[in-house]
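Peer 1: Here's a structure for you.
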Amino acid sequence: MGKKIFSGVQPTGNLHLGNYIGAIKNFVDLQNEKENECIYCVVDLHAITVKQDPKILKSNIRETTATFLASGIDPNKSIIFNQSLVPAHSEGSWILGCIARMGWLNRMTQFKEKAGKDKEKASVGLYIYPVLMTADILLYDASHVPVGEDQKQHLELSRDIAQKFNLDFNAPNFLRVPEPLIQKNFSRIMSLKDGTKKMSKSEASDLSRINLTDSKDQIVNKIRKAKTDTYPLPVDEKNLDQRPEVENLLGIYSSLNKQSLKDTINDFSGKNFSDFKEKLADLVVEKILPISNEINKLKKNNDYIDSILEKGGEKANKIASRKILEIKKILGF
Ligand code: TYM
């Protein structure tokens with residue numbers, strides 16, 4: 001039997017190589033496996049947990065959708081929509097917020113990172129963000145959720161919430177407990193400037209990431225300037241964890257070239273960093289530039305993008321509104 005896939009990406013601009021390797025590339029592979037049913041959501045309700053300029057948000061929703069399409073997600077095979085089109089997400093989030101425990105949410109490391117030192121000033125939405133994410137997943141009875149490593153803890157929370165709901169209301173297996181799909185390797189792509197920090201859209205320096213809309217020159221320049229160290233390229237994986245920047249670049253190469261880290265190390269051992277970086281830049285350009293070009297083309301056609309979201313939204317709404325009705329019945333409403 002095929003898998004029921006659900007995943008989401010925030011429309012906050014600057015989608016990058018980490019999003020692509022950790023998530024979007026896998027969305028495409030899963031879609032192309034026969035029998036899978038895939039739903040990919042532009043999670044605009046999640047985006048407003050931090051302040052957004054409405055005009056920029058609208059443009060980012062379209063750009064994230066364009067990125068899905070340009071990367072190979074096919075609206076004839078997968079449902080593509082933005083979250084705010086389907087009211088059940090907000091409704092489900094409230095209901096599941098009454099199931100989730102404060103203690104569970106207090107453990108979420110991403111909230112601690114994002115809220116920073118001044119937690120009192122973070123929005124309540126940012127705090128309950130993983131509950132909304134849980135509603136996203138459970139409303140569609142998703143069996144599998146492809147994400148990067150940073151979302152693992154949120155998915156564990158989704159599983160706990162589903163199980164508690166089923167137990168509290170004596171409804172065994174009613175909410176499907178989702179399985180995370182996190183790649184064993186390369187599920188955490190790091191900053192090009194600091195191999196101990198993940199590549200992220202919020203990092204101030206644009207040199208820290210390859211954006212999916214970068215030009216060829218930008219890609220080549222960023223890889224040329226990527227941090228390495230003073231030792232030669234490694235001959236094996238031993239002690240590579242103490243060279244995070246080098247490990248990351250070798251990982252990016254391996255992932256995009258669909259080969260193991262070991263094979264990449266063998267391909268480049270004895271060569272110097274400038275040779276490796278040149279080959280890496282060629283590979284990133286080969287894989288990312290067509291996506292970037294297609295995004296830029298699609299961005300000129302808002303009507304087309306909006307029509308994809310609208311059609312996807314209708315399909316999603318049918319599924320999610322049915323599930324929310326069942327949830328309400330169970331609750332006694
Ligand atoms: P978001 O928008 O931050 O990121 C989208 C996806 O990209 C992955 N990712 C990375 N993977 C590897 N290396 C990186 N440096 C890197 N940075 C980001 C993320 O793990 C994610 O898979 N809460 C989610 C969105 C969401 C969602 C959902 C996901 C909302 N509802 C339901 C799955 C199911 C988020 O903020 O992802």
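If you're wondering about the labels, chains in the structure tokens are A, B, ... by order shown, residues count from 1 in each chain, ligands from 1 in order shown.
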Residues up to 6 Å from ligand 1, counting only C-alpha atoms and all ligand atoms: could you list those as a VMD selection string?

Peer 2: chain A and resid 6 to 10 18 to 19 22 to 23 43 133 136 to 137 145 147 to 151 187 to 190 198 to 200

Peer 1: Quick one: residues within 7 Å of range 277-292 of chain A, only C-alpha atoms counted, chain neighbours fewer than 5 positions away excluded, as a ChimeraX atom specification?

Peer 2: /A:70-71,212-216,219-220,223-224,253

Peer 1: Can you spit out the residues from that selection as a compact mmCIF listing (two decimals), in the first residue's frame, using all heavy atoms?

Peer 2:
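Result file is out-v5.txt:
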```
# COMPACT_ATOMS: atom_id res chain seq x y z
N ALA A 70 8.73 24.39 -9.34
CA ALA A 70 10.01 24.40 -10.06
C ALA A 70 10.88 23.20 -9.67
O ALA A 70 11.70 22.73 -10.44
CB ALA A 70 10.76 25.70 -9.78
N SER A 71 10.68 22.72 -8.44
CA SER A 71 11.49 21.57 -7.98
C SER A 71 10.96 20.24 -8.49
O SER A 71 11.60 19.21 -8.31
CB SER A 71 11.52 21.52 -6.45
OG SER A 71 11.97 22.72 -5.92
N LEU A 212 17.51 29.27 -3.26
CA LEU A 212 17.05 28.57 -4.47
C LEU A 212 16.78 29.53 -5.62
O LEU A 212 16.47 29.10 -6.72
CB LEU A 212 15.82 27.71 -4.15
CG LEU A 212 16.08 26.61 -3.11
CD1 LEU A 212 14.82 25.81 -2.83
CD2 LEU A 212 17.19 25.66 -3.57
N THR A 213 16.89 30.83 -5.35
CA THR A 213 16.73 31.82 -6.43
C THR A 213 18.07 32.46 -6.80
O THR A 213 18.09 33.44 -7.55
CB THR A 213 15.75 32.94 -5.99
OG1 THR A 213 16.14 33.38 -4.69
CG2 THR A 213 14.32 32.45 -5.92
N ASP A 214 19.18 31.92 -6.29
CA ASP A 214 20.48 32.52 -6.61
C ASP A 214 20.85 32.33 -8.08
O ASP A 214 20.47 31.34 -8.71
CB ASP A 214 21.58 31.90 -5.74
CG ASP A 214 21.64 32.53 -4.34
OD1 ASP A 214 21.01 33.58 -4.14
OD2 ASP A 214 22.32 31.96 -3.47
N SER A 215 21.65 33.29 -8.58
CA SER A 215 22.16 33.17 -9.96
C SER A 215 23.42 32.28 -9.94
O SER A 215 23.96 31.99 -8.87
CB SER A 215 22.54 34.56 -10.48
OG SER A 215 23.63 35.04 -9.71
N LYS A 216 23.88 31.95 -11.13
CA LYS A 216 25.09 31.12 -11.23
C LYS A 216 26.27 31.79 -10.53
O LYS A 216 26.99 31.16 -9.74
CB LYS A 216 25.40 30.90 -12.72
CG LYS A 216 26.60 30.05 -12.94
CD LYS A 216 26.84 29.77 -14.40
CE LYS A 216 28.13 28.99 -14.52
NZ LYS A 216 28.57 28.84 -15.88
N ILE A 219 26.02 31.56 -6.76
CA ILE A 219 26.31 30.21 -6.25
C ILE A 219 27.82 29.97 -6.24
O ILE A 219 28.40 29.56 -5.23
CB ILE A 219 25.59 29.13 -7.11
CG1 ILE A 219 24.07 29.27 -6.98
CG2 ILE A 219 26.05 27.72 -6.70
CD1 ILE A 219 23.27 28.36 -7.92
N VAL A 220 28.46 30.27 -7.36
CA VAL A 220 29.90 30.02 -7.48
C VAL A 220 30.66 30.83 -6.43
O VAL A 220 31.54 30.33 -5.72
CB VAL A 220 30.38 30.36 -8.91
CG1 VAL A 220 31.90 30.33 -9.00
CG2 VAL A 220 29.76 29.39 -9.92
N ILE A 223 30.20 29.43 -2.85
CA ILE A 223 30.94 28.20 -2.59
C ILE A 223 32.44 28.49 -2.51
O ILE A 223 33.14 27.96 -1.66
CB ILE A 223 30.59 27.12 -3.63
CG1 ILE A 223 29.16 26.70 -3.33
CG2 ILE A 223 31.56 25.94 -3.58
CD1 ILE A 223 28.59 25.64 -4.17
N ARG A 224 32.89 29.40 -3.35
CA ARG A 224 34.31 29.78 -3.28
C ARG A 224 34.64 30.35 -1.90
O ARG A 224 35.69 30.10 -1.34
CB ARG A 224 34.59 30.81 -4.39
CG ARG A 224 36.04 30.86 -4.76
CD ARG A 224 36.30 31.79 -5.93
NE ARG A 224 35.83 31.28 -7.20
CZ ARG A 224 35.34 32.04 -8.19
NH1 ARG A 224 35.26 33.35 -8.04
NH2 ARG A 224 34.97 31.50 -9.32
N TYR A 253 27.72 17.72 -1.51
CA TYR A 253 28.12 17.09 -2.77
C TYR A 253 27.51 15.69 -2.88
O TYR A 253 26.91 15.32 -3.90
CB TYR A 253 29.66 17.01 -2.86
CG TYR A 253 30.14 16.54 -4.21
CD1 TYR A 253 30.50 17.45 -5.19
CD2 TYR A 253 30.18 15.17 -4.52
CE1 TYR A 253 30.92 17.02 -6.45
CE2 TYR A 253 30.58 14.74 -5.78
CZ TYR A 253 30.95 15.67 -6.73
OH TYR A 253 31.33 15.25 -7.98
```

Peer 1: Identify, with DSSP run on backbone atoms, the residues in range 87-283 of chain A assigned to helix (DSSP H, G or I), and express the list as JSON, numbers by chain.

Peer 2: {"A": [88, 89, 90, 91, 92, 93, 94, 95, 96, 97, 102, 103, 104, 105, 106, 109, 110, 111, 112, 113, 114, 115, 119, 120, 121, 124, 125, 126, 127, 128, 129, 130, 131, 132, 133, 134, 135, 136, 137, 138, 149, 150, 151, 152, 153, 154, 155, 156, 157, 158, 159, 160, 161, 162, 163, 164, 165, 166, 167, 168, 206, 207, 208, 216, 217, 218, 219, 220, 221, 222, 223, 224, 225, 240, 241, 242, 244, 245, 246, 247, 248, 249, 250, 251, 252, 253, 254, 255, 256, 261, 262, 263, 264, 265, 266, 267, 268, 273, 274, 275, 276, 277, 278, 279, 280, 281, 282, 283]}

Peer 1: So, with only C-alpha atoms as the atoms that count, which of A:Leu126, A:Leu233, A:Ile21, A:Leu138 lies closest to Asp267 in chain A?

Peer 2: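 Closest residue, counting only C-alpha atoms: A:Leu233.
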
Peer 1: Just list the residues in range 133-291 of chain A DSSP gives strand (DSSP E or B) on the backbone, as a PyMOL selection string.

Peer 2: chain A and resi 144-146+179-181+190+198+211

Peer 1: Can I get the selected residues back with C-alpha atoms, as a PDB file, in the first residue's frame?

Peer 2:
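Contents of out_19.pdb, as written:
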```pdb
ATOM      1  CA  HIS A 144       4.530   9.689   6.877  1.00  0.00           C
ATOM      2  CA  VAL A 145       5.939  13.186   7.227  1.00  0.00           C
ATOM      3  CA  PRO A 146       9.160  14.008   5.343  1.00  0.00           C
ATOM      4  CA  GLU A 179       5.902   8.417  11.218  1.00  0.00           C
ATOM      5  CA  PRO A 180       8.652  10.952  10.581  1.00  0.00           C
ATOM      6  CA  LEU A 181      10.629  10.460   7.387  1.00  0.00           C
ATOM      7  CA  MET A 190      24.815  23.597   7.820  1.00  0.00           C
ATOM      8  CA  LYS A 198      22.200  25.001  10.471  1.00  0.00           C
ATOM      9  CA  ASN A 211      19.159  30.456  -1.974  1.00  0.00           C
TER      10      ASN A 211
END
```

Peer 1: Hey, which of A:Ile308, A:Lys197, A:Pro87, A:Asn60 ends up closest to Glu113 in chain A? Count only C-alpha atoms.

Peer 2: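 Looking only at the distances to Glu113 in chain A, the closest residue turns out to be A:Lys197.
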
Peer 1: Which neighbours of His89 in chain A fall inside 9 Å, counting only C-alpha atoms, when residues of the same chain fewer than 6 positions from it are skipped, and could you give them as a list in words?

Peer 2: Leu45, Gln83, Leu132, Met133, Ala135, Asp136, Leu139, Ala320 and Ile324 of chain A

Peer 1: Could you write those residues out with all heavy atoms, as a JSON list (two decimals), in the first residue's frame?

Peer 2:
```json
[["chain", "number", "residue", "atom", "x", "y", "z"],
["A", 45, "LEU", "N", -0.03, 30.16, 7.95],
["A", 45, "LEU", "CA", -0.44, 30.45, 9.33],
["A", 45, "LEU", "C", 0.76, 30.33, 10.28],
["A", 45, "LEU", "O", 0.85, 31.04, 11.28],
["A", 45, "LEU", "CB", -1.53, 29.48, 9.79],
["A", 45, "LEU", "CG", -2.88, 29.56, 9.05],
["A", 45, "LEU", "CD1", -3.77, 28.39, 9.46],
["A", 45, "LEU", "CD2", -3.59, 30.88, 9.33],
["A", 83, "GLN", "N", -2.07, 26.91, 3.64],
["A", 83, "GLN", "CA", -2.77, 26.50, 4.85],
["A", 83, "GLN", "C", -3.99, 27.38, 5.19],
["A", 83, "GLN", "O", -5.03, 26.87, 5.59],
["A", 83, "GLN", "CB", -1.73, 26.62, 5.97],
["A", 83, "GLN", "CG", -1.93, 25.92, 7.24],
["A", 83, "GLN", "CD", -0.75, 26.27, 8.16],
["A", 83, "GLN", "OE1", -0.08, 27.28, 7.99],
["A", 83, "GLN", "NE2", -0.51, 25.42, 9.14],
["A", 132, "LEU", "N", -0.22, 23.60, 15.93],
["A", 132, "LEU", "CA", -0.77, 23.85, 14.59],
["A", 132, "LEU", "C", -0.17, 22.84, 13.60],
["A", 132, "LEU", "O", -0.87, 22.28, 12.75],
["A", 132, "LEU", "CB", -0.46, 25.29, 14.16],
["A", 132, "LEU", "CG", -0.84, 25.69, 12.74],
["A", 132, "LEU", "CD1", -2.34, 25.54, 12.48],
["A", 132, "LEU", "CD2", -0.42, 27.15, 12.45],
["A", 133, "MET", "N", 1.10, 22.59, 13.75],
["A", 133, "MET", "CA", 1.78, 21.62, 12.88],
["A", 133, "MET", "C", 1.14, 20.23, 13.06],
["A", 133, "MET", "O", 0.95, 19.48, 12.09],
["A", 133, "MET", "CB", 3.26, 21.61, 13.26],
["A", 133, "MET", "CG", 4.12, 20.75, 12.42],
["A", 133, "MET", "SD", 5.86, 21.17, 12.67],
["A", 133, "MET", "CE", 6.56, 19.64, 12.05],
["A", 135, "ALA", "N", -1.97, 19.66, 13.95],
["A", 135, "ALA", "CA", -3.28, 19.68, 13.27],
["A", 135, "ALA", "C", -3.08, 19.45, 11.78],
["A", 135, "ALA", "O", -3.79, 18.65, 11.15],
["A", 135, "ALA", "CB", -3.98, 21.01, 13.53],
["A", 136, "ASP", "N", -2.09, 20.13, 11.19],
["A", 136, "ASP", "CA", -1.81, 19.97, 9.75],
["A", 136, "ASP", "C", -1.74, 18.49, 9.38],
["A", 136, "ASP", "O", -2.34, 18.03, 8.42],
["A", 136, "ASP", "CB", -0.43, 20.57, 9.38],
["A", 136, "ASP", "CG", -0.33, 22.06, 9.62],
["A", 136, "ASP", "OD1", -1.37, 22.71, 9.77],
["A", 136, "ASP", "OD2", 0.82, 22.56, 9.66],
["A", 139, "LEU", "N", -5.04, 16.03, 10.42],
["A", 139, "LEU", "CA", -6.29, 16.25, 9.65],
["A", 139, "LEU", "C", -6.33, 15.42, 8.37],
["A", 139, "LEU", "O", -7.39, 15.18, 7.81],
["A", 139, "LEU", "CB", -6.41, 17.72, 9.26],
["A", 139, "LEU", "CG", -6.85, 18.68, 10.37],
["A", 139, "LEU", "CD1", -6.69, 20.11, 9.91],
["A", 139, "LEU", "CD2", -8.29, 18.39, 10.77],
["A", 320, "ALA", "N", -9.98, 17.75, 4.95],
["A", 320, "ALA", "CA", -9.78, 18.24, 6.33],
["A", 320, "ALA", "C", -11.10, 18.59, 7.00],
["A", 320, "ALA", "O", -11.27, 18.38, 8.21],
["A", 320, "ALA", "CB", -8.87, 19.47, 6.30],
["A", 324, "ILE", "N", -12.48, 17.14, 10.59],
["A", 324, "ILE", "CA", -12.78, 18.01, 11.74],
["A", 324, "ILE", "C", -14.21, 17.75, 12.23],
["A", 324, "ILE", "O", -14.48, 17.80, 13.43],
["A", 324, "ILE", "CB", -12.51, 19.51, 11.43],
["A", 324, "ILE", "CG1", -12.20, 20.29, 12.71],
["A", 324, "ILE", "CG2", -13.66, 20.21, 10.76],
["A", 324, "ILE", "CD1", -10.80, 20.28, 13.12]]
```

Peer 1: List the spatial neighbours of Ile61 in chain A as a PyMOL selection string - criterion: any atom at most 9 Å away, only C-alpha atoms, same-chain residues fewer than 6 positions off excluded.

Peer 2: chain A and resi 10-13+42-44+82

Peer 1: Keeping only C-alpha atoms, write the selected residues to a file as a tab-separated table (two decimals), in the first residue's frame.

Peer 2:
```
chain	number	residue	atom	x	y	z
A	10	GLN	CA	6.97	28.23	5.68
A	11	PRO	CA	6.65	31.04	3.15
A	12	THR	CA	9.23	33.27	4.75
A	13	GLY	CA	11.39	33.97	1.69
A	42	VAL	CA	2.65	26.35	2.17
A	43	VAL	CA	2.19	27.00	5.87
A	44	ASP	CA	1.25	30.67	5.91
A	82	ASN	CA	-1.65	27.24	1.34
```

Peer 1: With only C-alpha atoms as the basis for distance, which of A:Ile161, A:Val50, A:Ile80, A:Leu57 is at the shortest distance from Phe111 in chain A?

Peer 2: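 Nearest candidate to Phe111 in chain A out of A:Ile161, A:Val50, A:Ile80, A:Leu57: A:Val50.
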
Peer 1: Kindly give the distance, in Å, that separates CA of Lys311 in chain A and CA of Leu96 in chain A, rounded to a single decimal.

Peer 2: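 Those two atoms sit 27.0 Å apart.
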
Peer 1: Please provide as JSON, numbers by chain all residues within 9 Å of Gly72 in chain A, with the sequence filter that same-chain residues fewer than 4 positions apart are discarded (counting only C-alpha atoms).

Peer 2: {"A": [25, 27, 28, 67, 68, 291]}

Peer 1: Print the selection's residues with N, CA and C atoms to a file, as a PDB file, in the first residue's frame.

Peer 2:
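Wrote again_39.pdb, looks like this:
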```pdb
ATOM      1  N   LYS A  25      13.372  18.106  -2.022  1.00  0.00           N
ATOM      2  CA  LYS A  25      13.852  17.060  -2.948  1.00  0.00           C
ATOM      3  C   LYS A  25      13.144  15.727  -2.638  1.00  0.00           C
ATOM      4  N   PHE A  27      10.225  15.454  -1.172  1.00  0.00           N
ATOM      5  CA  PHE A  27       8.798  15.562  -1.525  1.00  0.00           C
ATOM      6  C   PHE A  27       8.603  15.031  -2.952  1.00  0.00           C
ATOM      7  N   VAL A  28       9.549  15.426  -3.817  1.00  0.00           N
ATOM      8  CA  VAL A  28       9.434  15.043  -5.228  1.00  0.00           C
ATOM      9  C   VAL A  28       9.616  13.530  -5.380  1.00  0.00           C
ATOM     10  N   THR A  67       8.453  27.533  -5.931  1.00  0.00           N
ATOM     11  CA  THR A  67       9.602  26.665  -5.621  1.00  0.00           C
ATOM     12  C   THR A  67       9.190  25.195  -5.636  1.00  0.00           C
ATOM     13  N   PHE A  68       8.015  24.914  -5.078  1.00  0.00           N
ATOM     14  CA  PHE A  68       7.497  23.534  -5.135  1.00  0.00           C
ATOM     15  C   PHE A  68       7.400  23.082  -6.595  1.00  0.00           C
ATOM     16  N   ILE A 291      16.158  25.207 -11.291  1.00  0.00           N
ATOM     17  CA  ILE A 291      15.060  25.516 -10.360  1.00  0.00           C
ATOM     18  C   ILE A 291      14.924  27.029 -10.213  1.00  0.00           C
TER      19      ILE A 291
END
```

Peer 1: Find, counting only C-alpha atoms, the residue in A:Ser78, A:Asn317, A:Thr64, A:Thr134 that gets nearest to Lys34 in chain A.

Peer 2: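 Once distances to Lys34 in chain A are computed over only C-alpha atoms, the minimum belongs to A:Ser78.
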
Peer 1: Of the candidates A:Gln31, A:Thr264, A:Thr196, A:Ser274, which shows the shortest atom-to-atom distance to Arg243 in chain A, using only C-alpha atoms?

Peer 2: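 The closest residue to Arg243 in chain A is A:Thr196.
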
Peer 1: Find, counting only C-alpha atoms, the residue in A:Ser202, A:Thr65, A:Thr109, A:Asn248 that gets nearest to Ile295 in chain A.

Peer 2: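 Ranking A:Ser202, A:Thr65, A:Thr109, A:Asn248 by distance to Ile295 in chain A, first place goes to A:Thr65.
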